[in-house]
Number of protein chains: 2
Amino acid sequence: MKYSPRLAQLIEALRALPGVGPKSAQRMAFQLLRDGRSAAQTLAQSLEAALAAVKPCRRCRMFAEEDLCAICASPQREAGLLCVVETPADVVAVEQSGSYRGRYFVLMGHLSPLDGMGPEQLGVRELEAILDEGGLRELILATNPTVEGEATAHYLAELALRRGLRASRIAHGVPIGGEIEYVDGGTLARALSGRQNI
Amino acid sequence: MKYSPRLAQLIEALRALPGVGPKSAQRMAFQLLRDGRSAAQTLAQSLEAALAAVKPCRRCRMFAEEDLCAICASPQREAGLLCVVETPADVVAVEQSGSYRGRYFVLMGHLSPLDGMGPEQLGVRELEAILDEGGLRELILATNPTVEGEATAHYLAELALRRGLRASRIAHGVPIGGEIEYVDGGTLARALSGRQNI
């Protein structure tokens, strides 16, 4: 089946979305061009508006529309805590847990020299500037529990320790509500080695 | 977590896509705003271009950029066969089967009076105009095997028969590669009642 050129282009553009294959892209395009079309118009306008207005927060690199994001700008946030995460989605996840009142730093990735992701791409210079400001009590490393995430956490911990700052890593273990029977070996090993007195 | 206003708007707009919930919409928005942003720009432009250029084919109501879609305009298509389907995606599916060389008519839905979908919304007047033109040998009804699809097929068959035209319904039965053990009762009943001599 040959689509008309602009329809083919739209389907191709939709395939750039994460988790969208050729079949869903076609379904999306057909629906967008069909019902009333106002959803398509809204989407195009929202994309343009977000592209124009959203940029990284000057301090933490989270998505923001002002110079500083809402979290960095808030005086209610504990200024002594800085939580380092890999992505903006991780900020959202930690915020939704409702258990953290400090600020963030978003790396937008992890150390991965083969992919050209070195300290500079991760904003390590900006992070060091925050560490050097003083006022920080603890650097919490909440990168993913993958090989690259662990390496990144260790690299950043080194930066904090060298400045006499406390660095901590979030705990890994059996997830709440998970069943020990179905948890993988690596997680169980971490749960055992990280055991705490009760 | 409160997103910045334009980010929230973009996430909301992405949720209008079929099969996209709040979590995937967030993931899509974050990815679009992150890597290079050219994918987001392309998507916005493709949407605008498609909205401006794509319209229903004058004859069959399939998406087209000219007055007539490529299939209606092609002299290689058998003009005596007209296959009626519910959606543009159905045209794509039949085309991909490679087993049909006639033309199409796209209803853009099925009879469903409670949802305000009557003969007029389905373009029945335009379909009758094609039937009245002459030159048609057979009307193939390829609406979905649902209650509404069957009702629509019967309604349209009536229009053809009244004009002395042959109307046919596509066969329903066990799908190729399917296992009889796992096929539902309704399908098996249709497969049995539609059995053919070998």
# chains A, B, ... in the order shown; residues from 1 in each chain; ligands from 1

call {"tool": "interface_residues", "arguments": {"of": "chain B", "to": "chain A", "cutoff": "7 Å", "atoms": "only C-alpha atoms", "output": "number ranges by chain"}}
result
B: 1, 4, 6-7, 9-10, 13-14, 16-18, 28, 33, 39-40, 42-44, 46-51, 64-65, 92, 95-96

call {"tool": "residues_around", "arguments": {"residues": "region 115-119 of chain A", "least_positions_apart": "3", "cutoff": "12 Å", "atoms": "only C-alpha atoms", "output": "short mmCIF file (atom, residue, chain, number, x, y, z; two decimals) with all heavy atoms, in the first residue's frame"}}
result
data_model
loop_
_atom_site.label_atom_id
_atom_site.label_comp_id
_atom_site.auth_asym_id
_atom_site.auth_seq_id
_atom_site.Cartn_x
_atom_site.Cartn_y
_atom_site.Cartn_z
N LEU A 107 21.28 14.42 35.10
CA LEU A 107 22.45 14.20 34.25
C LEU A 107 22.07 14.15 32.76
O LEU A 107 22.89 14.41 31.90
CB LEU A 107 23.12 12.87 34.63
CG LEU A 107 23.65 12.77 36.07
CD1 LEU A 107 24.04 11.33 36.38
CD2 LEU A 107 24.85 13.69 36.26
N MET A 108 20.82 13.77 32.47
CA MET A 108 20.38 13.51 31.09
C MET A 108 21.21 12.39 30.47
O MET A 108 21.67 12.50 29.33
CB MET A 108 20.48 14.78 30.23
CG MET A 108 19.51 15.88 30.63
SD MET A 108 17.86 15.49 30.03
CE MET A 108 16.96 16.96 30.56
N GLY A 109 21.39 11.32 31.22
CA GLY A 109 22.14 10.17 30.73
C GLY A 109 23.03 9.60 31.81
O GLY A 109 22.85 9.90 32.99
N HIS A 110 23.96 8.75 31.39
CA HIS A 110 24.94 8.20 32.33
C HIS A 110 26.27 8.11 31.61
O HIS A 110 26.32 8.22 30.37
CB HIS A 110 24.49 6.83 32.85
CG HIS A 110 23.99 5.93 31.76
ND1 HIS A 110 22.75 5.31 31.79
CD2 HIS A 110 24.55 5.55 30.58
CE1 HIS A 110 22.59 4.60 30.70
NE2 HIS A 110 23.66 4.72 29.94
N LEU A 111 27.34 7.92 32.36
CA LEU A 111 28.66 7.80 31.74
C LEU A 111 28.65 6.64 30.77
O LEU A 111 28.26 5.52 31.11
CB LEU A 111 29.73 7.53 32.82
CG LEU A 111 30.18 8.73 33.66
CD1 LEU A 111 31.24 8.27 34.66
CD2 LEU A 111 30.76 9.83 32.77
N SER A 112 29.04 6.88 29.55
CA SER A 112 29.07 5.83 28.53
C SER A 112 29.99 6.32 27.42
O SER A 112 29.53 6.80 26.39
CB SER A 112 27.65 5.59 28.03
OG SER A 112 27.64 4.62 27.03
N LEU A 122 27.30 15.18 30.70
CA LEU A 122 26.42 14.98 31.85
C LEU A 122 26.35 16.22 32.74
O LEU A 122 25.70 16.20 33.78
CB LEU A 122 26.90 13.77 32.67
CG LEU A 122 26.96 12.44 31.91
CD1 LEU A 122 27.41 11.33 32.84
CD2 LEU A 122 25.61 12.09 31.29
N GLY A 123 27.04 17.27 32.37
CA GLY A 123 26.97 18.51 33.15
C GLY A 123 27.76 18.44 34.44
O GLY A 123 27.42 19.13 35.42
N VAL A 124 28.82 17.63 34.46
CA VAL A 124 29.57 17.47 35.70
C VAL A 124 30.20 18.79 36.14
O VAL A 124 30.30 19.07 37.33
CB VAL A 124 30.63 16.35 35.55
CG1 VAL A 124 31.59 16.35 36.74
CG2 VAL A 124 29.94 15.00 35.44
N ARG A 125 30.56 19.64 35.17
CA ARG A 125 31.15 20.92 35.55
C ARG A 125 30.13 21.75 36.34
O ARG A 125 30.45 22.34 37.36
CB ARG A 125 31.59 21.68 34.28
CG ARG A 125 32.72 22.66 34.58
CD ARG A 125 33.18 23.37 33.32
NE ARG A 125 33.57 22.42 32.26
CZ ARG A 125 33.71 22.76 30.97
NH1 ARG A 125 33.50 24.01 30.59
NH2 ARG A 125 34.08 21.87 30.08
N GLU A 126 28.88 21.76 35.86
CA GLU A 126 27.82 22.50 36.57
C GLU A 126 27.57 21.89 37.95
O GLU A 126 27.34 22.60 38.92
CB GLU A 126 26.52 22.46 35.75
CG GLU A 126 26.55 23.29 34.47
CD GLU A 126 27.08 22.53 33.26
OE1 GLU A 126 27.88 21.58 33.44
OE2 GLU A 126 26.70 22.86 32.13
N LEU A 127 27.62 20.56 38.02
CA LEU A 127 27.41 19.88 39.31
C LEU A 127 28.52 20.26 40.28
O LEU A 127 28.28 20.56 41.46
CB LEU A 127 27.37 18.36 39.11
CG LEU A 127 27.21 17.52 40.37
CD1 LEU A 127 25.91 17.86 41.11
CD2 LEU A 127 27.22 16.03 40.03
N GLU A 128 29.77 20.29 39.81
CA GLU A 128 30.89 20.67 40.67
C GLU A 128 30.74 22.10 41.17
O GLU A 128 31.08 22.41 42.32
CB GLU A 128 32.21 20.50 39.91
CG GLU A 128 32.60 19.03 39.74
CD GLU A 128 34.02 18.87 39.20
OE1 GLU A 128 34.20 19.07 37.98
OE2 GLU A 128 34.92 18.55 39.98
N GLU A 148 26.32 1.02 33.96
CA GLU A 148 26.65 2.41 33.69
C GLU A 148 26.20 3.32 34.83
O GLU A 148 26.90 4.27 35.19
CB GLU A 148 26.00 2.88 32.38
CG GLU A 148 26.46 2.16 31.14
CD GLU A 148 25.65 0.90 30.87
OE1 GLU A 148 24.82 0.50 31.75
OE2 GLU A 148 25.84 0.30 29.80
N ALA A 151 28.61 2.95 37.73
CA ALA A 151 29.88 3.62 37.43
C ALA A 151 29.72 5.13 37.57
O ALA A 151 30.58 5.81 38.15
CB ALA A 151 30.33 3.26 36.02
N THR A 152 28.60 5.66 37.08
CA THR A 152 28.35 7.09 37.18
C THR A 152 28.26 7.51 38.65
O THR A 152 28.83 8.52 39.05
CB THR A 152 27.04 7.44 36.45
OG1 THR A 152 27.09 6.88 35.13
CG2 THR A 152 26.85 8.93 36.35
N ALA A 153 27.53 6.71 39.44
CA ALA A 153 27.37 7.02 40.87
C ALA A 153 28.73 7.06 41.56
O ALA A 153 29.03 7.97 42.34
CB ALA A 153 26.46 6.00 41.54
N TYR A 155 31.69 7.57 40.22
CA TYR A 155 32.45 8.72 39.73
C TYR A 155 32.02 10.00 40.45
O TYR A 155 32.85 10.81 40.89
CB TYR A 155 32.25 8.85 38.22
CG TYR A 155 32.90 10.06 37.61
CD1 TYR A 155 34.25 10.05 37.28
CD2 TYR A 155 32.17 11.21 37.37
CE1 TYR A 155 34.85 11.17 36.72
CE2 TYR A 155 32.76 12.33 36.82
CZ TYR A 155 34.10 12.30 36.50
OH TYR A 155 34.69 13.41 35.95
N LEU A 156 30.70 10.19 40.60
CA LEU A 156 30.19 11.43 41.22
C LEU A 156 30.44 11.43 42.73
O LEU A 156 30.72 12.48 43.32
CB LEU A 156 28.70 11.59 40.91
CG LEU A 156 28.35 11.72 39.43
CD1 LEU A 156 26.84 11.79 39.23
CD2 LEU A 156 29.02 12.95 38.82
N LEU A 159 33.71 12.86 43.53
CA LEU A 159 33.74 14.34 43.49
C LEU A 159 33.29 14.93 44.82
O LEU A 159 33.86 15.93 45.29
CB LEU A 159 32.81 14.86 42.39
CG LEU A 159 33.12 14.48 40.93
CD1 LEU A 159 32.11 15.11 40.01
CD2 LEU A 159 34.54 14.89 40.56
#

call {"tool": "closest_residue", "arguments": {"among": "A:Arg195, A:Arg61, A:Arg169, A:Arg163", "to": "Leu141 (chain A)", "atoms": "only C-alpha atoms"}}
result
A:Arg169

call {"tool": "closest_residue", "arguments": {"among": "A:Arg166, A:Arg103, A:Arg58, A:His154", "to": "Pro75 (chain A)", "atoms": "only C-alpha atoms"}}
result
A:Arg103

call {"tool": "select_by_dssp", "arguments": {"residues": "region 97-168 of chain A", "states": "alpha helix (DSSP H)", "output": "PyMOL selection string"}}
result
chain A and resi 97+124-133+147-162

call {"tool": "write_last_selection", "arguments": {"atoms": "N, CA, C and O atoms", "output": "compact mmCIF listing (two decimals), in the first residue's frame"}}
result
# COMPACT_ATOMS: atom_id res chain seq x y z
N SER A 97 6.92 9.84 44.83
CA SER A 97 7.04 9.02 46.05
C SER A 97 6.73 9.87 47.28
O SER A 97 6.44 9.35 48.35
N VAL A 124 28.82 17.63 34.46
CA VAL A 124 29.57 17.47 35.70
C VAL A 124 30.20 18.79 36.14
O VAL A 124 30.30 19.07 37.33
N ARG A 125 30.56 19.64 35.17
CA ARG A 125 31.15 20.92 35.55
C ARG A 125 30.13 21.75 36.34
O ARG A 125 30.45 22.34 37.36
N GLU A 126 28.88 21.76 35.86
CA GLU A 126 27.82 22.50 36.57
C GLU A 126 27.57 21.89 37.95
O GLU A 126 27.34 22.60 38.92
N LEU A 127 27.62 20.56 38.02
CA LEU A 127 27.41 19.88 39.31
C LEU A 127 28.52 20.26 40.28
O LEU A 127 28.28 20.56 41.46
N GLU A 128 29.77 20.29 39.81
CA GLU A 128 30.89 20.67 40.67
C GLU A 128 30.74 22.10 41.17
O GLU A 128 31.08 22.41 42.32
N ALA A 129 30.20 22.96 40.30
CA ALA A 129 29.99 24.35 40.73
C ALA A 129 29.03 24.40 41.91
O ALA A 129 29.22 25.16 42.86
N ILE A 130 27.98 23.56 41.86
CA ILE A 130 27.03 23.52 42.99
C ILE A 130 27.72 22.98 44.25
O ILE A 130 27.54 23.52 45.35
N LEU A 131 28.53 21.92 44.08
CA LEU A 131 29.24 21.36 45.24
C LEU A 131 30.17 22.41 45.86
O LEU A 131 30.30 22.49 47.08
N ASP A 132 30.80 23.22 44.99
CA ASP A 132 31.76 24.21 45.48
C ASP A 132 31.11 25.42 46.15
O ASP A 132 31.75 26.13 46.91
N GLU A 133 29.83 25.66 45.83
CA GLU A 133 29.10 26.77 46.45
C GLU A 133 29.05 26.68 47.96
O GLU A 133 28.89 27.69 48.64
N VAL A 147 25.08 -1.27 35.14
CA VAL A 147 26.54 -1.12 35.16
C VAL A 147 26.93 0.35 34.98
O VAL A 147 27.71 0.92 35.73
N GLU A 148 26.32 1.02 33.96
CA GLU A 148 26.65 2.41 33.69
C GLU A 148 26.20 3.32 34.83
O GLU A 148 26.90 4.27 35.19
N GLY A 149 25.02 3.02 35.38
CA GLY A 149 24.50 3.85 36.47
C GLY A 149 25.39 3.77 37.70
O GLY A 149 25.66 4.77 38.36
N GLU A 150 25.87 2.55 38.00
CA GLU A 150 26.75 2.35 39.16
C GLU A 150 28.07 3.09 38.94
O GLU A 150 28.59 3.75 39.83
N ALA A 151 28.61 2.95 37.73
CA ALA A 151 29.88 3.62 37.43
C ALA A 151 29.72 5.13 37.57
O ALA A 151 30.58 5.81 38.15
N THR A 152 28.60 5.66 37.08
CA THR A 152 28.35 7.09 37.18
C THR A 152 28.26 7.51 38.65
O THR A 152 28.83 8.52 39.05
N ALA A 153 27.53 6.71 39.44
CA ALA A 153 27.37 7.02 40.87
C ALA A 153 28.73 7.06 41.56
O ALA A 153 29.03 7.97 42.34
N HIS A 154 29.59 6.09 41.26
CA HIS A 154 30.90 6.06 41.92
C HIS A 154 31.76 7.24 41.51
O HIS A 154 32.43 7.85 42.33
N TYR A 155 31.69 7.57 40.22
CA TYR A 155 32.45 8.72 39.73
C TYR A 155 32.02 10.00 40.45
O TYR A 155 32.85 10.81 40.89
N LEU A 156 30.70 10.19 40.60
CA LEU A 156 30.19 11.43 41.22
C LEU A 156 30.44 11.43 42.73
O LEU A 156 30.72 12.48 43.32
N ALA A 157 30.36 10.24 43.35
CA ALA A 157 30.62 10.15 44.79
C ALA A 157 32.03 10.64 45.08
O ALA A 157 32.28 11.37 46.05
N GLU A 158 32.94 10.25 44.20
CA GLU A 158 34.34 10.65 44.34
C GLU A 158 34.47 12.18 44.39
O GLU A 158 35.20 12.74 45.23
N LEU A 159 33.71 12.86 43.53
CA LEU A 159 33.74 14.34 43.49
C LEU A 159 33.29 14.93 44.82
O LEU A 159 33.86 15.93 45.29
N ALA A 160 32.27 14.33 45.42
CA ALA A 160 31.75 14.85 46.70
C ALA A 160 32.73 14.56 47.82
O ALA A 160 33.06 15.45 48.62
N LEU A 161 33.23 13.31 47.87
CA LEU A 161 34.12 12.91 48.97
C LEU A 161 35.39 13.75 48.95
O LEU A 161 35.91 14.13 50.00
N ARG A 162 35.89 14.03 47.74
CA ARG A 162 37.10 14.84 47.62
C ARG A 162 36.92 16.22 48.26
O ARG A 162 37.87 16.88 48.63

call {"tool": "atom_distance", "arguments": {"atom1": "CA of Cys83 (chain B)", "atom2": "CA of Arg101 (chain B)"}}
result
9.9 Å

call {"tool": "atom_distance", "arguments": {"atom1": "CA of Val106 (chain A)", "atom2": "CA of Cys72 (chain A)"}}
result
11.9 Å
